[in-house]
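Data block for upload-v4.txt (compact mmCIF, C-alpha atoms):
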# COMPACT_ATOMS: atom_id res chain seq x y z
CA MET A 30 -13.18 15.45 -2.30
CA PHE A 31 -9.94 13.69 -1.44
CA ARG A 32 -7.69 15.62 -3.81
CA GLY A 33 -6.07 17.53 -0.95
CA VAL A 34 -5.59 14.31 1.02
CA GLY A 35 -3.94 12.72 -2.02
CA ARG A 36 -1.52 15.62 -2.41
CA ARG A 37 -0.56 15.53 1.25
CA LEU A 38 -0.11 11.78 1.07
CA ALA A 39 2.08 12.11 -2.04
CA LEU A 40 4.24 14.81 -0.45
CA PHE A 41 4.58 12.77 2.74
CA ASN A 42 5.65 9.70 0.75
CA ALA A 43 8.12 11.80 -1.24
CA LEU A 44 9.53 13.19 2.01
CA VAL A 45 9.94 9.66 3.35
CA VAL A 46 11.81 8.63 0.18
CA ILE A 47 14.07 11.69 0.37
CA VAL A 48 14.81 11.10 4.07
CA ILE A 49 15.64 7.45 3.35
CA ILE A 50 18.01 8.47 0.55
CA ALA A 51 19.64 11.09 2.77
CA LEU A 52 20.01 8.71 5.72
CA THR A 53 21.42 6.02 3.44
CA GLY A 54 23.96 8.54 2.13
CA VAL A 55 24.92 9.69 5.62
CA VAL A 56 25.32 6.12 6.90
CA THR A 57 27.35 5.18 3.79
CA TYR A 58 29.52 8.27 4.26
CA LEU A 59 30.21 7.51 7.94
CA LEU A 60 30.96 3.84 7.28
CA LEU A 61 33.29 4.72 4.41
CA LEU A 62 35.01 7.38 6.53
CA HIS A 63 35.59 4.86 9.29
CA GLN A 64 36.86 2.19 6.88
CA LEU A 65 39.19 4.47 4.94
CA SER A 66 40.57 6.08 8.10
CA ALA A 67 41.20 2.65 9.61
CA GLU A 68 43.00 1.54 6.45
CA VAL A 69 45.21 4.66 6.45
CA ASP A 70 46.04 4.26 10.15
CA HIS A 71 46.84 0.57 9.70
CA ALA A 72 49.12 1.30 6.74
CA LEU A 73 50.89 4.15 8.59
CA LYS A 74 51.51 2.05 11.69
CA ALA A 75 52.82 -0.86 9.61
CA SER A 76 55.14 1.46 7.72
CA ALA A 77 56.32 3.10 10.96
CA GLU A 78 57.04 -0.26 12.59
CA GLN A 79 58.99 -1.38 9.53
CA THR A 80 60.99 1.86 9.59
CA VAL A 81 61.74 1.41 13.31
CA ASN A 82 63.19 -2.03 12.56
CA ASP A 83 65.21 -0.64 9.67
CA VAL A 84 66.65 2.19 11.75
CA ARG A 85 67.54 -0.15 14.61
CA ALA A 86 69.51 -2.29 12.21
CA THR A 87 71.45 0.73 10.97
CA GLN A 88 74.37 2.18 12.92
CA PRO A 89 73.73 5.82 13.76
CA SER A 90 77.09 6.78 12.26
CA ALA A 91 76.17 5.11 9.00
CA THR A 92 72.72 6.67 8.82
CA THR A 93 72.46 9.22 6.11
CA THR A 94 71.10 12.47 7.31
CA SER A 95 69.37 14.30 4.55
CA THR A 96 69.95 18.03 4.78
CA ASN A 97 69.31 20.63 2.19
CA SER A 98 70.43 24.17 1.87
CA SER A 99 67.82 26.87 1.88
CA ASP A 100 68.28 27.15 -1.91
CA ASP A 101 67.61 23.41 -2.32
CA GLU A 102 64.60 23.69 -0.05
CA HIS A 103 63.19 26.48 -2.16
CA LYS A 104 64.06 24.63 -5.34
CA HIS A 105 62.33 21.40 -4.35
CA GLU A 106 59.46 22.87 -2.33
CA HIS A 107 57.02 22.57 -5.20
CA ASP A 108 58.13 18.99 -5.97
CA ASP A 109 57.87 18.02 -2.30
CA ASP A 110 54.32 19.35 -2.15
CA GLU A 111 53.40 17.21 -5.15
CA ILE A 112 54.97 14.12 -3.52
CA LEU A 113 52.94 14.67 -0.37
CA ASP A 114 49.76 15.38 -2.32
CA SER A 115 50.22 12.19 -4.38
CA GLY A 116 49.31 9.99 -1.43
CA ASP A 117 52.74 8.40 -1.03
CA THR A 118 53.88 7.46 2.47
CA ILE A 119 56.63 9.83 3.70
CA VAL A 120 59.05 8.60 6.38
CA PHE A 121 61.27 10.49 8.86
CA ALA A 122 63.44 9.40 11.76
CA VAL A 123 64.98 11.55 14.49
CA ASP A 124 67.47 10.85 17.22
CA ALA A 125 66.89 11.35 20.92
CA GLY A 126 67.65 15.04 20.52
CA GLY A 127 65.04 15.50 17.80
CA GLN A 128 67.52 15.88 14.94
CA ILE A 129 66.48 14.29 11.64
CA ILE A 130 68.60 11.23 10.93
CA TYR A 131 66.47 9.60 8.27
CA ASN A 132 64.73 11.32 5.34
CA PRO A 133 65.05 8.97 2.33
CA ARG A 134 62.79 11.07 0.05
CA GLY A 135 64.59 14.26 0.89
CA ILE A 136 61.31 16.00 1.67
CA SER A 137 61.57 19.56 2.92
CA VAL A 138 58.17 21.05 3.65
CA HIS A 139 57.35 23.51 6.39
CA GLY A 140 55.55 21.81 9.27
CA ILE A 141 56.89 18.30 8.78
CA PRO A 142 57.97 16.29 10.51
CA ASN A 143 55.50 17.34 13.17
CA ALA A 144 57.36 18.25 16.34
CA ALA A 145 54.47 17.65 18.76
CA SER A 146 53.85 14.13 17.48
CA LEU A 147 57.59 13.33 17.55
CA GLN A 148 57.89 14.60 21.10
CA ARG A 149 55.22 12.19 22.29
CA ALA A 150 57.06 9.36 20.54
CA LEU A 151 60.35 10.45 22.19
CA ASP A 152 58.45 10.31 25.48
CA GLY A 153 57.79 6.64 24.76
CA GLU A 154 54.19 6.82 23.49
CA ASP A 155 52.69 5.93 20.14
CA ASP A 156 50.98 8.90 18.55
CA ILE A 157 48.63 9.22 15.56
CA ARG A 158 46.85 12.39 14.54
CA SER A 159 45.57 14.44 11.62
CA LEU A 160 47.13 17.73 10.49
CA ASN A 161 46.14 20.40 8.02
CA LEU A 162 49.19 21.66 6.12
CA SER A 163 49.05 24.91 4.25
CA GLY A 164 48.94 24.33 0.50
CA ILE A 165 48.64 20.56 0.91
CA GLY A 166 45.60 20.01 3.04
CA ALA A 167 44.82 17.21 5.46
CA VAL A 168 47.49 14.61 6.25
CA ARG A 169 47.58 11.73 8.69
CA VAL A 170 50.67 11.42 10.90
CA ALA A 171 51.85 8.42 12.95
CA SER A 172 54.91 8.56 15.29
CA LEU A 173 56.48 5.59 17.11
CA PRO A 174 59.46 5.53 19.51
CA ILE A 175 62.72 3.73 18.66
CA GLU A 176 63.88 1.76 21.68
CA GLN A 177 67.18 0.04 22.34
CA ASN A 178 67.98 -1.67 25.62
CA HIS A 179 64.68 -0.39 26.99
CA GLN A 180 65.62 3.21 26.28
CA VAL A 181 64.17 5.60 23.71
CA VAL A 182 66.96 6.52 21.33
CA GLY A 183 64.86 8.20 18.67
CA ALA A 184 61.50 8.25 16.93
CA VAL A 185 60.02 7.48 13.54
CA GLN A 186 57.30 9.54 11.92
CA VAL A 187 55.33 8.54 8.81
CA LEU A 188 52.66 10.58 7.13
CA ARG A 189 50.32 10.39 4.17
CA SER A 190 48.07 12.88 2.48
CA LEU A 191 44.33 12.31 2.95
CA HIS A 192 43.56 13.71 -0.48
CA GLU A 193 42.46 10.38 -1.95
CA ARG A 194 40.33 9.56 1.08
CA ASP A 195 38.68 12.97 1.00
CA ALA A 196 38.08 12.64 -2.75
CA GLU A 197 36.21 9.35 -2.22
CA LEU A 198 34.20 10.87 0.61
CA ALA A 199 33.41 13.89 -1.54
CA THR A 200 32.07 11.52 -4.22
CA VAL A 201 29.74 9.95 -1.67
CA ARG A 202 28.57 13.38 -0.54
CA TRP A 203 27.82 14.44 -4.10
CA MET A 204 26.07 11.16 -4.83
CA THR A 205 23.92 11.67 -1.74
CA LEU A 206 23.03 15.20 -2.80
CA LEU A 207 22.30 13.95 -6.32
CA GLY A 208 20.12 11.18 -4.87
CA VAL A 209 18.17 13.69 -2.80
CA ALA A 210 17.74 15.93 -5.87
CA LEU A 211 16.56 12.98 -7.96
CA GLY A 212 14.28 11.96 -5.11
CA VAL A 213 12.68 15.39 -5.19
CA ALA A 214 12.46 15.38 -8.98
CA ILE A 215 11.05 11.85 -9.26
CA ALA A 216 9.33 11.00 -5.96
CA VAL A 217 7.12 14.10 -5.83
CA PRO A 218 5.52 13.83 -9.31
CA ALA A 219 5.47 10.02 -9.12
CA GLY A 220 3.89 10.23 -5.67
CA LEU A 221 1.24 12.64 -6.94
CA LEU A 222 0.48 10.35 -9.87
CA LEU A 223 0.26 7.22 -7.72
CA ALA A 224 -1.77 9.01 -5.05
CA ARG A 225 -4.20 10.24 -7.70
CA ARG A 226 -4.62 6.70 -8.97
CA ALA A 227 -4.91 5.29 -5.47
CA MET A 228 -7.56 7.82 -4.51
CA ARG A 229 -9.76 7.10 -7.52
CA PRO A 230 -11.35 3.96 -6.00
CA ILE A 231 -11.88 5.86 -2.75
CA ASP A 232 -13.46 8.78 -4.57
CA ALA A 233 -15.63 6.35 -6.50
CA ALA A 234 -16.61 4.53 -3.30
CA PHE A 235 -17.61 7.77 -1.60
CA ALA A 236 -19.46 8.86 -4.72
CA ARG A 237 -21.42 5.60 -4.59
CA GLN A 238 -21.98 6.14 -0.88
CA ARG A 239 -23.33 9.64 -1.49
CA ALA A 240 -25.56 8.33 -4.27
CA PHE A 241 -26.71 5.51 -1.99
CA VAL A 242 -27.61 7.92 0.80
CA ALA A 243 -29.41 10.22 -1.65
CA ASP A 244 -31.36 7.32 -3.17
CA ALA A 245 -32.21 5.90 0.24
CA SER A 246 -33.43 9.30 1.41
CA HIS A 247 -35.57 9.61 -1.71
CA GLU A 248 -37.01 6.11 -1.28
CA LEU A 249 -37.88 6.81 2.34
CA ARG A 250 -39.28 10.24 1.62
CA THR A 251 -41.87 8.91 -0.87
CA PRO A 252 -43.74 6.58 1.53
CA LEU A 253 -43.47 9.06 4.37
CA THR A 254 -45.08 11.73 2.16
CA LEU A 255 -47.92 9.36 1.27
CA ILE A 256 -48.39 8.36 4.90
CA ARG A 257 -48.59 11.99 5.95
CA ALA A 258 -51.02 12.87 3.12
CA ASN A 259 -53.38 9.98 3.95
CA ALA A 260 -53.20 10.73 7.66
CA GLU A 261 -54.13 14.36 7.05
CA ILE A 262 -57.07 13.29 4.88
CA ALA A 263 -58.26 11.01 7.68
CA ARG A 264 -57.99 13.84 10.20
CA GLN A 265 -60.13 16.22 8.13
CA GLU A 266 -63.29 14.31 9.05
CA PRO A 267 -62.71 13.08 12.60
CA ALA A 268 -66.43 12.39 13.14
CA GLU A 269 -66.72 10.10 10.10
CA PRO A 270 -66.96 6.35 10.73
CA VAL A 271 -63.82 4.28 10.28
CA ASP A 272 -65.28 2.60 7.18
CA SER A 273 -65.31 5.90 5.31
CA ILE A 274 -61.57 6.46 5.78
CA ASP A 275 -60.58 2.82 5.34
CA PRO A 276 -58.81 3.44 1.97
CA GLU A 277 -56.58 6.03 3.57
CA LEU A 278 -55.78 3.74 6.50
CA ALA A 279 -55.08 0.84 4.16
CA SER A 280 -52.73 3.05 2.13
CA ILE A 281 -50.91 4.06 5.32
CA ILE A 282 -50.47 0.41 6.29
CA ASP A 283 -49.19 -0.47 2.80
CA GLU A 284 -46.65 2.35 2.86
CA VAL A 285 -45.50 1.41 6.37
CA ASP A 286 -44.99 -2.18 5.18
CA ARG A 287 -43.05 -0.96 2.15
CA THR A 288 -40.90 1.30 4.32
CA ASP A 289 -40.28 -1.55 6.74
CA ARG A 290 -39.09 -3.79 3.87
CA LEU A 291 -36.86 -1.00 2.58
CA ILE A 292 -35.28 -0.52 6.00
CA ASP A 293 -34.69 -4.27 6.30
CA ASP A 294 -33.02 -4.25 2.90
CA LEU A 295 -30.82 -1.31 3.84
CA LEU A 296 -29.79 -3.00 7.09
CA THR A 297 -28.91 -6.18 5.22
CA LEU A 298 -26.66 -4.27 2.83
CA ALA A 299 -25.11 -2.26 5.67
CA ARG A 300 -24.27 -5.46 7.58
CA SER A 301 -22.84 -6.98 4.40
CA ASP A 302 -20.64 -3.93 3.80
CA ALA A 303 -19.41 -4.04 7.40
CA GLY A 304 -18.70 -7.79 7.20
CA ARG A 305 -21.20 -8.44 10.01
CA LEU A 306 -23.83 -10.33 8.06
CA GLU A 307 -25.03 -13.10 10.35
CA LEU A 308 -25.23 -16.50 8.68
CA LEU A 309 -26.29 -19.85 10.12
CA PRO A 310 -25.12 -22.36 7.50
CA VAL A 311 -26.60 -25.85 7.52
CA LEU A 312 -26.34 -28.77 5.14
CA LEU A 313 -29.47 -28.32 3.03
CA ASP A 314 -31.06 -29.87 -0.03
CA LEU A 315 -31.57 -26.85 -2.28
CA VAL A 316 -34.07 -28.76 -4.40
CA LEU A 317 -36.47 -28.88 -1.45
CA LEU A 318 -35.89 -25.19 -0.68
CA ALA A 319 -36.48 -24.22 -4.31
CA GLN A 320 -39.69 -26.30 -4.33
CA GLU A 321 -40.87 -24.36 -1.28
CA VAL A 322 -40.14 -21.01 -2.99
CA TYR A 323 -41.91 -22.22 -6.15
CA ASP A 324 -45.03 -23.15 -4.20
CA ALA A 325 -45.05 -19.77 -2.42
CA MET A 326 -44.62 -17.74 -5.63
CA LEU A 327 -47.00 -19.73 -7.81
CA PRO A 328 -50.18 -17.80 -6.80
CA LEU A 329 -48.53 -14.46 -7.70
CA ALA A 330 -47.43 -15.85 -11.07
CA ARG A 331 -50.95 -17.09 -11.86
CA GLN A 332 -52.41 -13.73 -10.83
CA LEU A 333 -50.10 -11.97 -13.29
CA GLY A 334 -50.70 -14.51 -16.05
CA VAL A 335 -47.14 -15.88 -16.00
CA ASP A 336 -46.46 -19.59 -16.40
CA LEU A 337 -44.05 -20.38 -13.53
CA ARG A 338 -42.39 -23.81 -13.85
CA PHE A 339 -39.95 -25.76 -11.69
CA GLU A 340 -37.32 -28.32 -12.73
CA ALA A 341 -34.67 -30.02 -10.59
CA THR A 342 -32.44 -33.05 -10.21
CA PRO A 343 -33.36 -35.41 -7.35
CA SER A 344 -31.05 -33.89 -4.72
CA CYS A 345 -28.46 -31.08 -4.51
CA MET A 346 -26.84 -30.54 -1.13
CA ALA A 347 -25.04 -27.35 -0.12
CA LEU A 348 -23.93 -25.62 3.08
CA VAL A 349 -26.08 -22.48 3.20
CA ASP A 350 -28.14 -20.28 5.49
CA THR A 351 -31.72 -21.45 4.92
CA ASP A 352 -33.46 -18.09 5.44
CA ARG A 353 -30.90 -16.13 3.41
CA MET A 354 -30.98 -18.61 0.52
CA ARG A 355 -34.77 -18.58 0.54
CA GLN A 356 -34.63 -14.76 0.42
CA VAL A 357 -32.32 -14.87 -2.61
CA MET A 358 -34.58 -17.28 -4.53
CA ARG A 359 -37.69 -15.25 -3.74
CA ILE A 360 -35.99 -12.05 -4.96
CA LEU A 361 -35.03 -13.64 -8.27
CA VAL A 362 -38.36 -15.35 -8.90
CA ASP A 363 -40.29 -12.24 -7.81
CA ASN A 364 -38.32 -10.07 -10.25
CA ALA A 365 -38.80 -12.54 -13.10
CA VAL A 366 -42.54 -12.88 -12.52
CA LYS A 367 -43.30 -9.17 -11.98
CA TYR A 368 -41.28 -7.93 -14.96
CA SER A 369 -42.41 -10.60 -17.43
CA PRO A 370 -45.42 -9.90 -19.66
CA SER A 371 -48.59 -11.91 -19.27
CA GLY A 372 -48.43 -15.20 -21.15
CA SER A 373 -44.64 -15.56 -20.84
CA ASP A 374 -42.74 -18.34 -19.07
CA VAL A 375 -40.49 -18.29 -16.00
CA LEU A 376 -38.40 -21.33 -15.10
CA LEU A 377 -36.82 -22.02 -11.72
CA SER A 378 -34.31 -24.88 -11.96
CA VAL A 379 -31.78 -26.57 -9.66
CA THR A 380 -28.98 -28.78 -11.00
CA CYS A 381 -25.67 -29.98 -9.62
CA ASP A 382 -22.52 -31.87 -10.48
CA ASP A 383 -19.72 -33.30 -8.38
CA ALA A 384 -18.44 -29.89 -7.24
CA ARG A 385 -21.17 -27.22 -7.50
CA VAL A 386 -24.88 -26.53 -7.31
CA ARG A 387 -26.50 -24.30 -9.94
CA ILE A 388 -29.76 -22.41 -9.44
CA GLU A 389 -31.24 -20.67 -12.47
CA VAL A 390 -34.17 -18.34 -12.89
CA ARG A 391 -34.92 -17.87 -16.59
CA ASP A 392 -37.71 -15.84 -18.15
CA THR A 393 -38.84 -15.27 -21.73
CA GLY A 394 -39.69 -11.62 -21.29
CA SER A 395 -38.55 -8.53 -23.16
CA GLY A 396 -34.95 -8.77 -21.92
CA ILE A 397 -32.66 -5.97 -20.81
CA PRO A 398 -30.76 -3.61 -23.14
CA PRO A 399 -26.98 -4.19 -23.11
CA GLU A 400 -26.15 -0.72 -21.73
CA HIS A 401 -27.99 -1.55 -18.49
CA LEU A 402 -26.37 -4.94 -17.83
CA PRO A 403 -23.19 -3.64 -16.07
CA HIS A 404 -25.31 -1.68 -13.58
CA LEU A 405 -28.00 -4.18 -12.63
CA PHE A 406 -26.34 -5.19 -9.35
CA GLU A 407 -25.88 -1.56 -8.27
CA ARG A 408 -28.05 -0.33 -5.45
CA PHE A 409 -31.27 1.50 -6.37
CA TYR A 410 -30.59 0.94 -10.07
CA ARG A 411 -33.73 0.44 -12.17
CA VAL A 412 -33.97 -0.18 -15.87
CA ASP A 413 -37.49 1.27 -15.98
CA GLN A 414 -37.93 3.71 -13.10
CA ALA A 415 -41.69 4.15 -13.39
CA ARG A 416 -42.48 0.50 -13.92
CA SER A 417 -40.21 -0.64 -11.08
CA ARG A 418 -41.73 1.79 -8.62
CA ALA A 419 -45.25 0.79 -9.67
CA ALA A 420 -44.35 -2.87 -9.04
CA GLY A 421 -43.20 -2.02 -5.55
CA GLY A 422 -39.49 -2.45 -6.23
CA THR A 423 -36.73 -0.41 -4.61
CA GLY A 424 -33.84 -1.36 -6.86
CA LEU A 425 -32.10 -3.24 -4.04
CA GLY A 426 -33.14 -6.81 -4.81
CA LEU A 427 -30.23 -7.86 -7.01
CA SER A 428 -27.75 -6.03 -4.77
CA ILE A 429 -29.03 -7.99 -1.77
CA ALA A 430 -29.01 -11.25 -3.73
CA ARG A 431 -25.39 -10.80 -4.75
CA ALA A 432 -24.33 -9.85 -1.21
CA LEU A 433 -26.04 -12.91 0.28
CA VAL A 434 -24.75 -15.33 -2.35
CA GLU A 435 -21.15 -14.09 -2.14
CA ALA A 436 -21.29 -14.19 1.67
CA GLN A 437 -21.98 -17.94 1.35
CA GLY A 438 -19.06 -18.55 -1.01
CA GLY A 439 -21.08 -18.51 -4.23
CA THR A 440 -21.30 -16.41 -7.37
CA ILE A 441 -24.23 -14.84 -9.18
CA THR A 442 -24.33 -13.81 -12.85
CA LEU A 443 -26.95 -12.30 -15.13
CA THR A 444 -27.30 -12.57 -18.89
CA SER A 445 -30.01 -11.05 -21.03
CA VAL A 446 -30.95 -10.70 -24.68
CA VAL A 447 -33.51 -8.14 -25.81
CA ASN A 448 -36.83 -9.78 -26.87
CA GLN A 449 -35.55 -13.19 -25.75
CA GLY A 450 -35.37 -13.03 -21.98
CA THR A 451 -33.11 -12.92 -18.96
CA THR A 452 -31.27 -15.63 -17.02
CA VAL A 453 -29.86 -15.26 -13.51
CA THR A 454 -27.52 -18.05 -12.40
CA ILE A 455 -26.30 -18.83 -8.89
CA SER A 456 -23.36 -21.19 -8.40
CA LEU A 457 -22.64 -22.59 -4.92
CA PRO A 458 -19.86 -24.97 -3.85
CA LYS A 459 -20.72 -28.40 -2.56
CA PRO A 460 -19.37 -29.33 0.89
CA ALA A 461 -16.07 -31.18 0.66
CA LYS A 462 -17.35 -34.28 2.39
CA ILE A 463 -19.97 -34.92 -0.30
CA ALA A 464 -18.16 -33.44 -3.31
CA ARG A 465 -16.56 -36.06 -5.56
As structure tokens, the full file:
Amino acid sequence: MFRGVGRRLALFNALVVIVIIALTGVVTYLLLLHQLSAEVDHALKASAEQTVNDVRATQPSATTTSTNSSDDEHKHEHDDDEILDSGDTIVFAVDAGGQIIYNPRGISVHGIPNAASLQRALDGEDDIRSLNLSGIGAVRVASLPIEQNHQVVGAVQVLRSLHERDAELATVRWMTLLGVALGVAIAVPAGLLLARRAMRPIDAAFARQRAFVADASHELRTPLTLIRANAEIARQEPAEPVDSIDPELASIIDEVDRTDRLIDDLLTLARSDAGRLELLPVLLDLVLLAQEVYDAMLPLARQLGVDLRFEATPSCMALVDTDRMRQVMRILVDNAVKYSPSGSDVLLSVTCDDARVRIEVRDTGSGIPPEHLPHLFERFYRVDQARSRAAGGTGLGLSIARALVEAQGGTITLTSVVNQGTTVTISLPKPAKIAR
């Protein structure tokens, strides 16, 4: 039922994972770009400032101007490209007329030094920019003016290839793409697997809900069919005295009572499922309440030939809802009495220690086969369908008992051995102020 929902949920989760990976990669890329660019700019400016100081300390006449013939330029062009591409810092200095007066590496590459950047420096402004040189790629250029006596007498230009920076950024880009690819390859199947597992309890819950609705409809349909049949019989002889149709009327009343009990049980379970079960807990001696239930159920036990007995310690206090706890005890004793053969024993006992109160209902009947034990607290579950229906049961008693006990902070367990009997045990906490 929810297979399509699970697939959509898995794909949505995978998309979220992929987007997170992609955003992480983009943010990492931008931060790294900013950091590396700042480091390059800082290094270029520091080198340019150092060169300015060096040039100032050198007499112009003593400054070696590096010039190369066209043959030398052609000869060293390939070597110069490799020097630039290596990431080394290259330094130039020019005089006020723009003539190169300082080229310690003897670099001769077309496009450097950059005239536009030098011109801004000769105009008295610091300049830093990126260039794209043919055959070399991106370089970063910084130009600073050389001032003497408050006059610009030249300019210094330093540059560095951005090859290393771009290589690191390319690694981040590829890692991001690889992360997205791995996200697609891992997140989608993993998401489908996890969604399938996550949807299993939901599918099971809805399957139980469908079964519950189907069973409830069936249980309601049976008394309604009997009511209608008896009513139609009564209508066939409208002139007959009431005494003659009394069996039909009595059957209608019995079925209405049974339907009313079934509806009450269904409402109790619905409120329990919704967490809206109303409880009025009071400090109560469960021995006295169990004695009351014993007295009420004793006539039914005698009628069915079952020896119902009661044992208890002097006093066992617990914080419970009186009506709900009475309902639980009546359900357990009623089940034990009705499903025990004539001549067998049923014992209702109440004991307690310093921390908990224990209520047991134990019979010596035929017991329950092991394959049925895991399902006994399920709604509408019956070990013997025909016998349960004949006894007036709906298969909701143990489900209601567990819901009411757990709502009051207790636990309920059932053990049974074939041909030896069944024991249902309720354990309730004692209030803190009287627990020792």
Nearest candidate to Val69 (chain A) (options A:Leu188, A:Ala150, A:Ala51, A:Leu44; using all atoms listed in the file):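 Result for the nearest residue to Val69 (chain A): A:Leu188.
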Around (-29.4, -22.8, -7.1), as given in the file, which residues come within 6 Å? Count only C-alpha atoms and list them as a PyMOL selection string. chain A and resi 379+386-388+455
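Using only C-alpha atoms, the shortest contact distance between Ala384 (chain A) and any of A:Leu306, A:Leu457, A:Val362, A:Ala341 is found at A:Leu457.
The shortest atom-to-atom distance to Lys74 (chain A), with only C-alpha atoms taken into account, belongs to A:Asp156 out of A:Asp117, A:Asp383, A:Glu321, A:Asp156.
Among the candidate residues A:Leu160, A:Gln177, A:Val168, A:Asp152, the one lying nearest to Ala86 (chain A) is A:Gln177, with distances computed using only C-alpha atoms.
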Between CA of Ser66 (chain A) and CA of Asn143 (chain A) lies a distance of 19.4 Å
Have a look at CA of Glu68 (chain A) and CA of Val187 (chain A) and let me know their distance in Å, one decimal.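 Interatomic distance, CA of Glu68 (chain A) to CA of Val187 (chain A): 14.4 Å.
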Neighbour list for Leu223 (chain A) as a PyMOL selection string, cut-off 12 Å, only C-alpha atoms, skip fewer than 2 positions in-chain: chain A and resi 35-36+38-40+42-43+215-221+225-229
So which residues fall inside 10 Å of (59.7, 19.7, 6.9) if we count all atoms listed in the file? Mind giving them as an MDAnalysis selection string? chainID A and resid 102 106 109 121 129 132 135:144
If I take CA of Ala199 (chain A) and CA of Leu162 (chain A), how far is one from the other in Å, to one decimal?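 Taking CA of Ala199 (chain A) and CA of Leu162 (chain A), their separation equals 19.2 Å.
Counting only C-alpha atoms, the residue from A:Asp374, A:Gly438, A:Thr444, A:Ile429 that sits nearest to Leu402 (chain A) is A:Thr444.
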12 Å contact set for Ala436 (chain A), all atoms listed in the file, chain neighbours under 3 positions out, as a list in words: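 Residues near the query, excluding close chain neighbours: Thr297, Leu298, Arg300, Ser301, Asp302, Ala303, Gly304, Arg305, Leu306, Glu307, Leu308, Leu309, Pro310, Leu348, Val349, Asp350, Arg353, Met354, Val357, Ile429, Ala430, Arg431, Ala432, Leu433, Gly439, Thr440, Ile441 and Leu457 of chain A.
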